[in-house]
Amino acid sequence: MNLRDIKKDIEYVIGAFIDDCSLFSAVNPDADDAALGQLLDKAVALFNDLKDKVNAKPEGAKAAYFTSIRKELIEKTDALYDNLSELVKSVKTEA
């Protein structure tokens, strides 16, 4: 596991989430734009936070540090997808 791969993973995973939000907004004009905007803000904040953590000098074992960052990426992105799923369900029930 190297630094470049972790940076690419962060960009890919969060970028995919942002793409999914954009697609949802394009397909569902009745979507709550404010809630979607908050999700996007959270995604950007997560991206910035993880990039800062990756660029920081880890103390101790680098492998464990980077593994914890990768785990945080997956857990927090999962939570964002759960929120997006709830938003999708709310639009479907209104229609």
# chains A, B, ... in the order shown; residues from 1 in each chain; ligands from 1
call {"tool": "residues_around", "arguments": {"residues": "Ile6 (chain A)", "least_positions_apart": "2", "cutoff": "10 Å", "atoms": "only C-alpha atoms", "output": "list in words"}}
result
Met1, Asn2, Leu3, Arg4, Lys8, Asp9, Ile10, Glu11, Tyr12, Leu50, Lys51, Val54, Phe66, Thr67, Ile69, Arg70 and Leu73 of chain A
call {"tool": "closest_residue", "arguments": {"among": "A:Pro29, A:Phe47, A:Ala35, A:Ala63", "to": "Ala16 (chain A)", "atoms": "only C-alpha atoms"}}
result
A:Phe47
call {"tool": "closest_residue", "arguments": {"among": "A:Glu86, A:Glu59, A:Asp49, A:Asp41", "to": "Glu72 (chain A)", "atoms": "only C-alpha atoms"}}
result
A:Asp49
call {"tool": "atom_distance", "arguments": {"atom1": "CA of Ala26 (chain A)", "atom2": "CA of Ala79 (chain A)"}}
result
22.0 Å
call {"tool": "atom_distance", "arguments": {"atom1": "CA of Lys57 (chain A)", "atom2": "CA of Ala45 (chain A)"}}
result
20.1 Å
